[in-house]
$ cat query-v3.cif   # mmCIF, C-alpha atoms and all ligand atoms; chains and numbers go by the auth columns
data_target
loop_
_atom_site.group_PDB
_atom_site.id
_atom_site.type_symbol
_atom_site.label_atom_id
_atom_site.label_comp_id
_atom_site.label_asym_id
_atom_site.label_seq_id
_atom_site.Cartn_x
_atom_site.Cartn_y
_atom_site.Cartn_z
_atom_site.B_iso_or_equiv
_atom_site.auth_seq_id
_atom_site.auth_asym_id
ATOM 1 C CA MET A 1 102.256 49.206 74.068 0.00 1 H
ATOM 2 C CA PRO A 2 103.185 50.441 77.572 0.00 2 H
ATOM 3 C CA SER A 3 104.504 54.013 77.436 0.00 3 H
ATOM 4 C CA THR A 4 107.823 54.983 78.969 0.00 4 H
ATOM 5 C CA PRO A 5 107.380 56.921 82.221 0.00 5 H
ATOM 6 C CA CYS A 6 108.129 60.628 82.748 0.00 6 H
ATOM 7 C CA ALA A 7 111.747 61.536 83.522 0.00 7 H
ATOM 8 C CA CYS A 8 110.794 61.621 87.224 0.00 8 H
ATOM 9 C CA GLY A 9 109.505 58.041 87.087 0.00 9 H
ATOM 10 C CA GLN A 10 105.757 58.841 87.325 0.00 10 H
ATOM 11 C CA PRO A 11 103.336 57.795 84.583 0.00 11 H
ATOM 12 C CA ARG A 12 103.056 60.323 81.772 0.00 12 H
ATOM 13 C CA ARG A 13 99.842 62.172 80.992 0.00 13 H
ATOM 14 C CA PRO A 14 97.967 60.625 78.044 0.00 14 H
ATOM 15 C CA ASN A 15 99.753 61.514 74.796 0.00 15 H
ATOM 16 C CA GLN A 16 102.100 63.922 76.603 0.00 16 H
ATOM 17 C CA GLY A 17 105.814 63.795 77.318 0.00 17 H
ATOM 18 C CA ASN A 18 105.632 64.216 81.080 0.00 18 H
ATOM 19 C CA CYS A 19 103.522 63.634 84.189 0.00 19 H
ATOM 20 C CA ARG A 20 100.990 65.953 85.793 0.00 20 H
ATOM 21 C CA ARG A 21 103.375 67.280 88.460 0.00 21 H
ATOM 22 C CA CYS A 22 106.283 67.915 86.083 0.00 22 H
ATOM 23 C CA HIS A 23 103.857 69.677 83.734 0.00 23 H
ATOM 24 C CA ALA A 24 102.570 71.861 86.599 0.00 24 H
ATOM 25 C CA ASN A 25 106.152 72.752 87.586 0.00 25 H
ATOM 26 C CA GLU A 26 106.944 73.628 83.998 0.00 26 H
ATOM 27 C CA GLN A 27 103.896 75.898 83.816 0.00 27 H
ATOM 28 C CA LYS A 28 104.924 77.565 87.066 0.00 28 H
ATOM 29 C CA ARG A 29 108.419 78.291 85.733 0.00 29 H
ATOM 30 C CA TYR A 30 106.884 79.615 82.517 0.00 30 H
ATOM 31 C CA ARG A 31 104.568 82.001 84.416 0.00 31 H
ATOM 32 C CA GLN A 32 107.477 83.175 86.583 0.00 32 H
ATOM 33 C CA ARG A 33 109.553 83.899 83.465 0.00 33 H
ATOM 34 C CA ARG A 34 106.638 85.749 81.823 0.00 34 H
ATOM 35 C CA LYS A 35 106.203 87.824 84.965 0.00 35 H
ATOM 36 C CA GLU A 36 109.891 88.790 84.999 0.00 36 H
ATOM 37 C CA GLU A 37 109.772 89.589 81.278 0.00 37 H
ATOM 38 C CA ILE A 38 106.775 91.860 81.744 0.00 38 H
ATOM 39 C CA HIS A 39 108.380 93.715 84.650 0.00 39 H
ATOM 40 C CA HIS A 40 111.544 94.112 82.613 0.00 40 H
ATOM 41 C CA LEU A 41 109.554 95.325 79.606 0.00 41 H
ATOM 42 C CA ALA A 42 107.682 97.883 81.703 0.00 42 H
ATOM 43 C CA GLU A 43 110.965 99.185 83.168 0.00 43 H
ATOM 44 C CA THR A 44 112.582 99.420 79.744 0.00 44 H
ATOM 45 C CA ILE A 45 109.616 101.279 78.311 0.00 45 H
ATOM 46 C CA GLU A 46 109.598 103.662 81.251 0.00 46 H
ATOM 47 C CA ARG A 47 113.280 104.388 80.594 0.00 47 H
ATOM 48 C CA ILE A 48 113.114 104.940 76.848 0.00 48 H
ATOM 49 C CA LEU A 49 109.822 106.785 76.597 0.00 49 H
ATOM 50 C CA GLN A 50 109.790 110.312 77.853 0.00 50 H
ATOM 51 C CA PRO A 51 106.377 110.462 79.529 0.00 51 H
ATOM 52 C CA HIS A 52 104.386 113.581 78.787 0.00 52 H
ATOM 53 C CA GLN A 53 104.084 114.971 82.305 0.00 53 H
ATOM 54 C CA PRO A 54 100.770 116.887 82.030 0.00 54 H
ATOM 55 C CA THR A 55 99.064 113.784 80.575 0.00 55 H
ATOM 56 C CA ARG A 56 100.602 111.638 83.298 0.00 56 H
ATOM 57 C CA GLU A 57 99.298 114.007 85.964 0.00 57 H
ATOM 58 C CA HIS A 58 95.802 114.029 84.452 0.00 58 H
ATOM 59 C CA PHE A 59 95.883 110.226 84.366 0.00 59 H
ATOM 60 C CA GLU A 60 96.992 110.039 87.998 0.00 60 H
ATOM 61 C CA LEU A 61 94.239 112.479 88.997 0.00 61 H
ATOM 62 C CA LYS A 62 91.738 109.932 87.733 0.00 62 H
ATOM 63 C CA GLY A 63 93.115 107.543 90.348 0.00 63 H
ATOM 64 C CA ALA A 64 93.640 104.775 87.820 0.00 64 H
ATOM 65 C CA GLY A 65 96.496 102.314 88.201 0.00 65 H
ATOM 66 C CA PRO A 66 98.597 101.015 85.311 0.00 66 H
ATOM 67 C CA TRP A 67 96.015 98.288 84.559 0.00 67 H
ATOM 68 C CA VAL A 68 93.077 99.816 82.788 0.00 68 H
ATOM 69 C CA GLU A 69 89.947 99.123 80.824 0.00 69 H
ATOM 70 C CA PHE A 70 88.787 101.403 78.092 0.00 70 H
ATOM 71 C CA LEU A 71 86.084 101.633 75.512 0.00 71 H
ATOM 72 C CA THR A 72 87.133 101.895 71.900 0.00 72 H
ATOM 73 C CA THR A 73 85.312 104.171 69.478 0.00 73 H
ATOM 74 C CA GLY A 74 83.474 101.018 68.357 0.00 74 H
ATOM 75 C CA ASN A 75 82.265 100.623 71.951 0.00 75 H
ATOM 76 C CA GLN A 76 84.424 97.571 72.524 0.00 76 H
ATOM 77 C CA ARG A 77 85.802 97.020 76.029 0.00 77 H
ATOM 78 C CA ILE A 78 89.536 96.346 76.054 0.00 78 H
ATOM 79 C CA SER A 79 91.835 95.804 79.021 0.00 79 H
ATOM 80 C CA GLY A 80 95.560 96.296 79.191 0.00 80 H
ATOM 81 C CA LEU A 81 98.602 97.998 80.651 0.00 81 H
ATOM 82 C CA VAL A 82 99.339 101.707 80.287 0.00 82 H
ATOM 83 C CA ILE A 83 102.893 101.969 78.970 0.00 83 H
ATOM 84 C CA GLY A 84 103.156 105.554 77.782 0.00 84 H
ATOM 85 C CA PHE A 85 101.875 109.093 78.209 0.00 85 H
ATOM 86 C CA LEU A 86 101.516 111.185 75.080 0.00 86 H
ATOM 87 C CA PRO A 87 100.666 114.851 74.562 0.00 87 H
ATOM 88 C CA GLY A 88 97.011 115.838 74.392 0.00 88 H
ATOM 89 C CA ASP A 89 95.728 113.529 77.146 0.00 89 H
ATOM 90 C CA HIS A 90 96.463 110.377 75.169 0.00 90 H
ATOM 91 C CA VAL A 91 97.938 107.228 76.676 0.00 91 H
ATOM 92 C CA ARG A 92 99.499 104.227 75.025 0.00 92 H
ATOM 93 C CA VAL A 93 98.009 100.913 76.162 0.00 93 H
ATOM 94 C CA LEU A 94 99.350 97.416 75.625 0.00 94 H
ATOM 95 C CA ALA A 95 96.128 95.402 75.387 0.00 95 H
ATOM 96 C CA ASP A 96 95.690 91.786 76.466 0.00 96 H
ATOM 97 C CA SER A 97 95.521 90.923 72.774 0.00 97 H
ATOM 98 C CA GLY A 98 99.125 92.136 72.409 0.00 98 H
ATOM 99 C CA TYR A 99 98.086 95.109 70.277 0.00 99 H
ATOM 100 C CA LEU A 100 99.124 98.650 71.134 0.00 100 H
ATOM 101 C CA HIS A 101 96.318 101.182 71.358 0.00 101 H
ATOM 102 C CA THR A 102 96.478 104.932 71.682 0.00 102 H
ATOM 103 C CA ILE A 103 93.487 106.133 73.656 0.00 103 H
ATOM 104 C CA ARG A 104 92.159 109.386 75.067 0.00 104 H
ATOM 105 C CA LEU A 105 91.901 109.678 78.828 0.00 105 H
ATOM 106 C CA ASP A 106 88.133 110.122 78.514 0.00 106 H
ATOM 107 C CA GLN A 107 87.898 106.616 76.985 0.00 107 H
ATOM 108 C CA LEU A 108 89.103 105.097 80.238 0.00 108 H
ATOM 109 C CA ALA A 109 86.423 102.859 81.687 0.00 109 H
ATOM 110 C CA GLY A 110 88.212 102.068 84.942 0.00 110 H
ATOM 111 C CA GLN A 111 90.544 99.598 86.557 0.00 111 H
ATOM 112 C CA SER A 112 90.919 96.253 84.914 0.00 112 H
ATOM 113 C CA SER A 113 91.427 92.641 85.667 0.00 113 H
ATOM 114 C CA SER A 114 93.741 92.574 82.694 0.00 114 H
ATOM 115 C CA LEU A 115 95.668 89.511 81.680 0.00 115 H
ATOM 116 C CA TRP A 116 98.883 91.401 82.472 0.00 116 H
ATOM 117 C CA SER A 117 97.729 92.273 85.982 0.00 117 H
ATOM 118 C CA ARG A 118 96.742 88.662 86.619 0.00 118 H
ATOM 119 C CA ILE A 119 100.192 87.495 85.501 0.00 119 H
ATOM 120 C CA ALA A 120 101.956 90.131 87.618 0.00 120 H
ATOM 121 C CA ALA A 121 99.910 89.141 90.684 0.00 121 H
ATOM 122 C CA SER A 122 100.440 85.406 90.289 0.00 122 H
HETATM 123 ZN ZN ZN B . 107.299 63.758 86.025 0.00 201 H
#

$ encode --input "query-v3.cif" --output "structure tokens"
Amino acid sequence: MPSTPCACGQPRRPNQGNCRRCHANEQKRYRQRRKEEIHHLAETIERILQPHQPTREHFELKGAGPWVEFLTTGNQRISGLVIGFLPGDHVRVLADSGYLHTIRLDQLAGQSSSLWSRIAAS
């Protein structure tokens, strides 16, 4: 049975509701929305959390940006976005997995190519 074309008139992708180009455009809009959401989230967090200034200064002295990699106590490497500065040289990190981690500054393993940074740069 011949399938009905995509709304734009092009043939649909196999077993999908639209064509390749419409799908690509949809993905692009989705990434743009995600990017805006993440920027908005970061701004909101910045506003509601009172950053602990000494911890923030120690973090900045390390020259790390907001996208970081760190090693967990189980020696697992996790990348994510720093979203908070807590007393005692601890930072709050939103990991690529979506989980929040609280880590010590000395667990920082460097800059990351985190999922969040890739979305923000796209
Ligand atoms: Zn189409």

$ resolve_selection --input "query-v3.cif" --expression "the PyMOL selection byres (((not hetatm)) within 9 of (chain H and resi 201))" --output "VMD selection string"
chain H and resid 5 to 12 17 to 23

$ resolve_selection --input "query-v3.cif" --expression "the PyMOL selection byres (((chain H and resi 97) around 12) and not hetatm)" --output "list in words"
Arg77, Ile78, Ser79, Gly80, Leu81, Val93, Leu94, Ala95, Asp96, Gly98, Tyr99, Leu100, His101, Ser114, Leu115 and Trp116 of chain H

$ atom_distance --input "query-v3.cif" --atom1 "CA of Gln27 (chain H)" --atom2 "CA of Arg13 (chain H)"
14.6 Å

$ atom_distance --input "query-v3.cif" --atom1 "CA of Thr73 (chain H)" --atom2 "CA of Gln107 (chain H)"
8.3 Å

$ resolve_selection --input "query-v3.cif" --expression "the PyMOL selection byres (((chain H and resi 58) around 12) and not hetatm)" --output "list of chain:residue names"
H:His52, H:Gln53, H:Pro54, H:Thr55, H:Arg56, H:Glu57, H:Phe59, H:Glu60, H:Leu61, H:Lys62, H:Gly63, H:Ala64, H:Phe85, H:Leu86, H:Pro87, H:Gly88, H:Asp89, H:His90, H:Val91, H:Arg104, H:Leu105, H:Asp106, H:Leu108

$ closest_residue --input "query-v3.cif" --among "H:Ala109, H:Ala24, H:Arg31, H:Thr4" --to "Thr72 (chain H)" --atoms "all atoms listed in the file"
H:Ala109

$ axis_aligned_box --input "query-v3.cif" --around "region 53-69 of chain H" --padding-each-side "3 Å" --output "lines of an AutoDock Vina configuration file"
center_x = 97.0
center_y = 107.6
center_z = 85.5
size_x = 20.1
size_y = 24.6
size_z = 15.8

$ atom_distance --input "query-v3.cif" --atom1 "CA of Asn15 (chain H)" --atom2 "CA of Lys35 (chain H)"
28.9 Å

$ residues_around --input "query-v3.cif" --residues "Ile48 (chain H)" --least-positions-apart "4" --cutoff "12 Å" --atoms "only C-alpha atoms" --output "MDAnalysis selection string"
chainID H and resid 41:44 83:84

$ closest_residue --input "query-v3.cif" --among "H:Glu37, H:Tyr30, H:Val68, H:Gly74" --to "Arg92 (chain H)" --atoms "all atoms listed in the file"
H:Val68

$ decode --input "query-v3.cif" --residues "region 8-122 of chain H" --atoms "C-alpha atoms" --output "PDB file, in the first residue's frame"
ATOM      1  CA  CYS H   8       5.433  19.038   2.854  1.00  0.00           C
ATOM      2  CA  GLY H   9       4.763  16.655  -0.039  1.00  0.00           C
ATOM      3  CA  GLN H  10       8.058  14.693   0.145  1.00  0.00           C
ATOM      4  CA  PRO H  11       8.088  10.933   0.731  1.00  0.00           C
ATOM      5  CA  ARG H  12       8.042   9.978   4.399  1.00  0.00           C
ATOM      6  CA  ARG H  13      10.900   8.137   6.073  1.00  0.00           C
ATOM      7  CA  PRO H  14      10.196   4.397   6.426  1.00  0.00           C
ATOM      8  CA  ASN H  15       7.658   3.841   9.213  1.00  0.00           C
ATOM      9  CA  GLN H  16       7.827   7.506  10.267  1.00  0.00           C
ATOM     10  CA  GLY H  17       5.318  10.331  10.053  1.00  0.00           C
ATOM     11  CA  ASN H  18       7.474  12.795   8.143  1.00  0.00           C
ATOM     12  CA  CYS H  19      10.325  13.176   5.656  1.00  0.00           C
ATOM     13  CA  ARG H  20      14.037  13.498   6.349  1.00  0.00           C
ATOM     14  CA  ARG H  21      14.121  17.300   6.030  1.00  0.00           C
ATOM     15  CA  CYS H  22      11.048  17.929   8.192  1.00  0.00           C
ATOM     16  CA  HIS H  23      12.509  15.560  10.793  1.00  0.00           C
ATOM     17  CA  ALA H  24      15.836  17.445  10.734  1.00  0.00           C
ATOM     18  CA  ASN H  25      14.007  20.773  11.162  1.00  0.00           C
ATOM     19  CA  GLU H  26      12.047  19.345  14.058  1.00  0.00           C
ATOM     20  CA  GLN H  27      15.256  18.167  15.729  1.00  0.00           C
ATOM     21  CA  LYS H  28      16.798  21.597  15.222  1.00  0.00           C
ATOM     22  CA  ARG H  29      13.832  23.313  16.887  1.00  0.00           C
ATOM     23  CA  TYR H  30      14.004  20.791  19.726  1.00  0.00           C
ATOM     24  CA  ARG H  31      17.726  21.470  20.316  1.00  0.00           C
ATOM     25  CA  GLN H  32      17.105  25.230  20.215  1.00  0.00           C
ATOM     26  CA  ARG H  33      14.338  24.878  22.818  1.00  0.00           C
ATOM     27  CA  ARG H  34      16.551  22.680  25.028  1.00  0.00           C
ATOM     28  CA  LYS H  35      19.322  25.254  24.790  1.00  0.00           C
ATOM     29  CA  GLU H  36      16.982  28.069  25.853  1.00  0.00           C
ATOM     30  CA  GLU H  37      15.610  25.932  28.689  1.00  0.00           C
ATOM     31  CA  ILE H  38      19.097  25.203  29.981  1.00  0.00           C
ATOM     32  CA  HIS H  39      20.118  28.864  29.877  1.00  0.00           C
ATOM     33  CA  HIS H  40      16.913  29.780  31.668  1.00  0.00           C
ATOM     34  CA  LEU H  41      17.483  27.051  34.256  1.00  0.00           C
ATOM     35  CA  ALA H  42      21.042  28.216  34.904  1.00  0.00           C
ATOM     36  CA  GLU H  43      19.853  31.822  35.353  1.00  0.00           C
ATOM     37  CA  THR H  44      17.068  30.776  37.707  1.00  0.00           C
ATOM     38  CA  ILE H  45      19.425  28.682  39.797  1.00  0.00           C
ATOM     39  CA  GLU H  46      21.919  31.523  39.960  1.00  0.00           C
ATOM     40  CA  ARG H  47      19.141  33.795  41.240  1.00  0.00           C
ATOM     41  CA  ILE H  48      17.684  31.510  43.889  1.00  0.00           C
ATOM     42  CA  LEU H  49      20.856  29.955  45.239  1.00  0.00           C
ATOM     43  CA  GLN H  50      23.044  32.174  47.316  1.00  0.00           C
ATOM     44  CA  PRO H  51      26.501  31.087  46.156  1.00  0.00           C
ATOM     45  CA  HIS H  52      29.014  30.583  48.926  1.00  0.00           C
ATOM     46  CA  GLN H  53      31.567  33.206  47.928  1.00  0.00           C
ATOM     47  CA  PRO H  54      34.776  31.651  49.347  1.00  0.00           C
ATOM     48  CA  THR H  55      33.989  28.346  47.583  1.00  0.00           C
ATOM     49  CA  ARG H  56      33.212  30.220  44.378  1.00  0.00           C
ATOM     50  CA  GLU H  57      36.537  32.043  44.584  1.00  0.00           C
ATOM     51  CA  HIS H  58      38.447  28.807  45.206  1.00  0.00           C
ATOM     52  CA  PHE H  59      36.670  27.258  42.218  1.00  0.00           C
ATOM     53  CA  GLU H  60      37.521  30.232  40.007  1.00  0.00           C
ATOM     54  CA  LEU H  61      41.159  30.072  41.137  1.00  0.00           C
ATOM     55  CA  LYS H  62      41.309  26.597  39.638  1.00  0.00           C
ATOM     56  CA  GLY H  63      40.493  28.198  36.289  1.00  0.00           C
ATOM     57  CA  ALA H  64      37.648  25.795  35.617  1.00  0.00           C
ATOM     58  CA  GLY H  65      34.596  26.898  33.659  1.00  0.00           C
ATOM     59  CA  PRO H  66      31.031  25.886  34.510  1.00  0.00           C
ATOM     60  CA  TRP H  67      31.413  22.614  32.556  1.00  0.00           C
ATOM     61  CA  VAL H  68      33.439  20.187  34.583  1.00  0.00           C
ATOM     62  CA  GLU H  69      34.537  16.609  34.931  1.00  0.00           C
ATOM     63  CA  PHE H  70      35.085  15.030  38.279  1.00  0.00           C
ATOM     64  CA  LEU H  71      35.967  11.710  39.768  1.00  0.00           C
ATOM     65  CA  THR H  72      33.531  10.184  42.207  1.00  0.00           C
ATOM     66  CA  THR H  73      34.726   8.372  45.314  1.00  0.00           C
ATOM     67  CA  GLY H  74      34.179   5.175  43.300  1.00  0.00           C
ATOM     68  CA  ASN H  75      36.669   6.530  40.751  1.00  0.00           C
ATOM     69  CA  GLN H  76      33.977   7.062  38.148  1.00  0.00           C
ATOM     70  CA  ARG H  77      34.402   9.982  35.744  1.00  0.00           C
ATOM     71  CA  ILE H  78      31.302  12.155  35.502  1.00  0.00           C
ATOM     72  CA  SER H  79      30.775  15.334  33.500  1.00  0.00           C
ATOM     73  CA  GLY H  80      28.264  18.068  34.107  1.00  0.00           C
ATOM     74  CA  LEU H  81      27.430  21.676  34.858  1.00  0.00           C
ATOM     75  CA  VAL H  82      28.328  23.430  38.106  1.00  0.00           C
ATOM     76  CA  ILE H  83      25.121  25.007  39.395  1.00  0.00           C
ATOM     77  CA  GLY H  84      25.921  25.875  42.992  1.00  0.00           C
ATOM     78  CA  PHE H  85      28.652  26.753  45.465  1.00  0.00           C
ATOM     79  CA  LEU H  86      28.318  25.364  48.966  1.00  0.00           C
ATOM     80  CA  PRO H  87      30.320  25.969  52.138  1.00  0.00           C
ATOM     81  CA  GLY H  88      33.429  23.882  52.722  1.00  0.00           C
ATOM     82  CA  ASP H  89      34.722  23.873  49.133  1.00  0.00           C
ATOM     83  CA  HIS H  90      31.818  21.803  47.842  1.00  0.00           C
ATOM     84  CA  VAL H  91      30.055  22.449  44.551  1.00  0.00           C
ATOM     85  CA  ARG H  92      26.752  21.187  43.258  1.00  0.00           C
ATOM     86  CA  VAL H  93      26.972  19.598  39.806  1.00  0.00           C
ATOM     87  CA  LEU H  94      24.160  18.705  37.436  1.00  0.00           C
ATOM     88  CA  ALA H  95      25.589  15.637  35.694  1.00  0.00           C
ATOM     89  CA  ASP H  96      24.854  14.573  32.123  1.00  0.00           C
ATOM     90  CA  SER H  97      22.803  11.745  33.607  1.00  0.00           C
ATOM     91  CA  GLY H  98      20.440  14.351  35.097  1.00  0.00           C
ATOM     92  CA  TYR H  99      21.493  13.517  38.654  1.00  0.00           C
ATOM     93  CA  LEU H 100      22.685  16.182  41.069  1.00  0.00           C
ATOM     94  CA  HIS H 101      26.026  15.528  42.728  1.00  0.00           C
ATOM     95  CA  THR H 102      27.713  17.364  45.552  1.00  0.00           C
ATOM     96  CA  ILE H 103      31.458  17.170  45.092  1.00  0.00           C
ATOM     97  CA  ARG H 104      34.579  18.532  46.749  1.00  0.00           C
ATOM     98  CA  LEU H 105      36.735  20.893  44.730  1.00  0.00           C
ATOM     99  CA  ASP H 106      39.619  18.419  44.955  1.00  0.00           C
ATOM    100  CA  GLN H 107      37.509  15.860  43.036  1.00  0.00           C
ATOM    101  CA  LEU H 108      37.517  18.113  39.991  1.00  0.00           C
ATOM    102  CA  ALA H 109      39.261  16.386  37.115  1.00  0.00           C
ATOM    103  CA  GLY H 110      39.149  19.316  34.701  1.00  0.00           C
ATOM    104  CA  GLN H 111      37.090  20.865  31.960  1.00  0.00           C
ATOM    105  CA  SER H 112      34.535  18.696  30.288  1.00  0.00           C
ATOM    106  CA  SER H 113      32.930  18.041  26.992  1.00  0.00           C
ATOM    107  CA  SER H 114      29.706  17.615  28.896  1.00  0.00           C
ATOM    108  CA  LEU H 115      26.411  16.975  27.206  1.00  0.00           C
ATOM    109  CA  TRP H 116      25.203  20.344  28.519  1.00  0.00           C
ATOM    110  CA  SER H 117      28.168  22.197  27.039  1.00  0.00           C
ATOM    111  CA  ARG H 118      27.634  20.495  23.687  1.00  0.00           C
ATOM    112  CA  ILE H 119      23.973  21.550  23.705  1.00  0.00           C
ATOM    113  CA  ALA H 120      24.834  25.127  24.708  1.00  0.00           C
ATOM    114  CA  ALA H 121      27.436  25.357  21.925  1.00  0.00           C
ATOM    115  CA  SER H 122      25.200  23.930  19.213  1.00  0.00           C
TER     116      SER H 122
END
